[in-house]
Amino acid sequence: MKNQSLILQRGGARKTKKVAVVMAVTASGFIGKSAISVCLKLPVSASKPLVVLSVALSPPATARTVDSPPLGYRKNVGICLVSPCRKIFTASKIHVPDTWQMPQGGADEGEDLRNAAFRELREETGVTSAEFIAEIPNWLTYDFPRDVKDKLNRKWRTSYKGQAQKWFLFKFTGKEEEINLLGDGTAKPEFKVWSWMLPEQVIEHAVYFKRPVYEHVIKQFNPYFVDQEKDSMNSCNDLSVHKDSSTD
């Protein structure tokens with residue numbers, strides 16, 4: 001994998017406060033009149049635009065990594081979509097309340113994995129304005145809990161132990177109106193609400209059996225979540241949770 005060419009700058013203060021959710025967004029991305037009664041304790045930081053530095057990603061030392069997907073695991077791609085303010089797109093699934101995750105999905109046989117990541121991002125979020133930044137070279141795996149495994153294998157008619165994931169980092173280059181939880185219309189909607197979260201929040205709100213993988217993903221991509229010397233306060237403090245009212 002080629003190194004990415006980036007510039008590292010540090011600086012900027014950080015504050016923490018509790019933020020109540022007050023914004024609702026329809027499936028097409030337009031703000032609706034009704035607010036939703038979800039409240040997350042999200043730390044608010046000064047703007048930290050995503051910038052690039054020269055770095056080669058190496059496999060995490062303690063992660064369960066493999067060079068190719070092991071037998072019994074579903075081949076999967078994960079997408080870490082980062083705003084210019086270094087917050088990560090995270091969404092809650094429709095049928096599993098309070099289960100937050102980054103976009104992910106299965107890769108077809110023979111499909112280029114980076115293309116699969118773009119496809120899954122588009123199918124699940126409607127986002128097409130995204131720039132590839134980096135990928136983790138090894139596969140990361142996690143096992144399904146028994147109840148989840150039984151449910152998913154009945155649905156897929158398979159016998160998977162868990163998922164083997166290749167993770168990709170993309171920078172969001174569009175406007176928030178582009179984000180549409182109905183996706184591109186080619187797949188069944190996955191998510192009910194979404195939010196931009198800081199890296200530590202993504203780990204905190206992840207379901208327990210995915211958390212070790214998320215910790216390694218954030219650790220590997222962490223060099224890209226760097227501080228900018230001057231903050232851009234105009235667009236980097238929105239930590240509201242956005243609702244897709246079409247799925248009510």
# chains A, B, ... in the order shown; residues from 1 in each chain; ligands from 1

$ select_by_dssp --residues "range 96-204 of chain A" --states "helix (DSSP H, G or I)" --output "VMD selection string"
chain A and resid 113 to 125 146 to 156 176 to 178 199 to 204

$ residues_around --residues "Pro189 in chain A" --least-positions-apart "4" --cutoff "9 Å" --atoms "only C-alpha atoms" --output "list in words"
Lys93, Ile94, Glu123, Glu124, Thr125, Leu181, Leu182, Gly183, Gly185 and Thr247 of chain A

$ closest_atom_pairs --of "range 184-230 of chain A" --to "range 64-87 of chain A" --cutoff "7 Å" --atoms "only C-alpha atoms" --output "CSV"
residue,atom,partner,partner_atom,distance
A:Trp196,CA,A:Lys87,CA,5.3
A:Met197,CA,A:Lys87,CA,5.0
A:Leu198,CA,A:Lys87,CA,4.8
A:Pro199,CA,A:Lys87,CA,6.9
A:Phe225,CA,A:Arg86,CA,5.6

$ write_last_selection --atoms "N, CA and C atoms" --output "compact mmCIF listing (two decimals), in the first residue's frame"
# COMPACT_ATOMS: atom_id res chain seq x y z
N TRP A 196 -22.70 12.66 13.70
CA TRP A 196 -21.24 12.77 13.65
C TRP A 196 -20.72 12.60 15.07
N MET A 197 -19.82 11.67 15.29
CA MET A 197 -19.26 11.43 16.61
C MET A 197 -17.74 11.53 16.58
N LEU A 198 -17.17 11.87 17.73
CA LEU A 198 -15.73 11.84 17.87
C LEU A 198 -15.27 10.38 17.96
N PRO A 199 -14.02 10.09 17.65
CA PRO A 199 -13.55 8.69 17.63
C PRO A 199 -13.85 7.92 18.91
N PHE A 225 -6.74 11.75 12.38
CA PHE A 225 -7.64 12.57 13.18
C PHE A 225 -6.81 13.56 13.98

$ atom_distance --atom1 "CA of Trp100 in chain A" --atom2 "CA of Pro137 in chain A"
24.5 Å

$ atom_distance --atom1 "CA of Asp184 in chain A" --atom2 "CA of Val127 in chain A"
8.5 Å

$ atom_distance --atom1 "CA of Trp194 in chain A" --atom2 "CA of Phe89 in chain A"
7.1 Å

$ residues_around --residues "Asn153 in chain A" --least-positions-apart "3" --cutoff "12 Å" --atoms "only C-alpha atoms" --output "PyMOL selection string"
chain A and resi 72-74+144-150+156-163

$ residues_around --residues "Ala117 in chain A" --least-positions-apart "2" --cutoff "12 Å" --atoms "only C-alpha atoms" --output "compact mmCIF listing (two decimals) with C-alpha atoms, in the first residue's frame"
# COMPACT_ATOMS: atom_id res chain seq x y z
CA LYS A 75 -16.20 -11.39 3.88
CA ASN A 76 -17.14 -7.84 4.83
CA VAL A 77 -16.02 -4.24 4.32
CA GLY A 78 -16.20 -1.47 6.93
CA ILE A 79 -16.32 2.25 6.19
CA CYS A 80 -15.00 4.99 8.46
CA LEU A 81 -16.47 8.18 6.95
CA MET A 102 -20.19 2.68 11.17
CA PRO A 103 -21.43 1.57 7.74
CA GLN A 104 -20.45 -1.96 6.72
CA GLY A 105 -21.61 -4.74 4.44
CA GLY A 106 -20.75 -7.93 2.61
CA ALA A 107 -18.44 -8.01 -0.40
CA ASP A 108 -19.45 -10.00 -3.45
CA GLU A 111 -15.55 -7.67 -6.12
CA ASP A 112 -12.78 -5.11 -5.61
CA LEU A 113 -12.92 -4.34 -1.90
CA ARG A 114 -12.49 -0.58 -2.20
CA ASN A 115 -15.30 -0.53 -4.76
CA ARG A 119 -21.00 0.69 -2.89
CA GLU A 120 -21.96 -0.09 0.70
CA LEU A 121 -21.52 3.56 1.68
CA ARG A 122 -23.84 4.63 -1.14
CA GLU A 123 -26.41 1.89 -0.44
CA GLU A 124 -26.63 2.61 3.30
CA THR A 125 -26.20 6.39 3.49
CA VAL A 127 -23.29 9.35 0.14
CA THR A 128 -21.36 9.55 -3.13
CA ALA A 130 -16.34 10.77 -0.53
CA GLU A 131 -12.59 10.71 -1.04
CA PHE A 132 -10.54 7.61 -0.30
CA ALA A 134 -6.45 4.99 3.61
CA GLU A 135 -7.16 1.33 4.33
CA GLN A 165 -13.59 -7.13 7.68
CA LYS A 166 -11.34 -4.96 5.54
CA TRP A 167 -11.60 -1.35 6.74
CA PHE A 168 -11.43 1.83 4.63
CA LEU A 169 -11.17 5.49 5.61
CA PHE A 170 -13.03 8.06 3.48

$ closest_residue --among "A:Glu215, A:Asp98, A:Phe209, A:Ala164" --to "Leu140 in chain A" --atoms "only C-alpha atoms"
A:Ala164
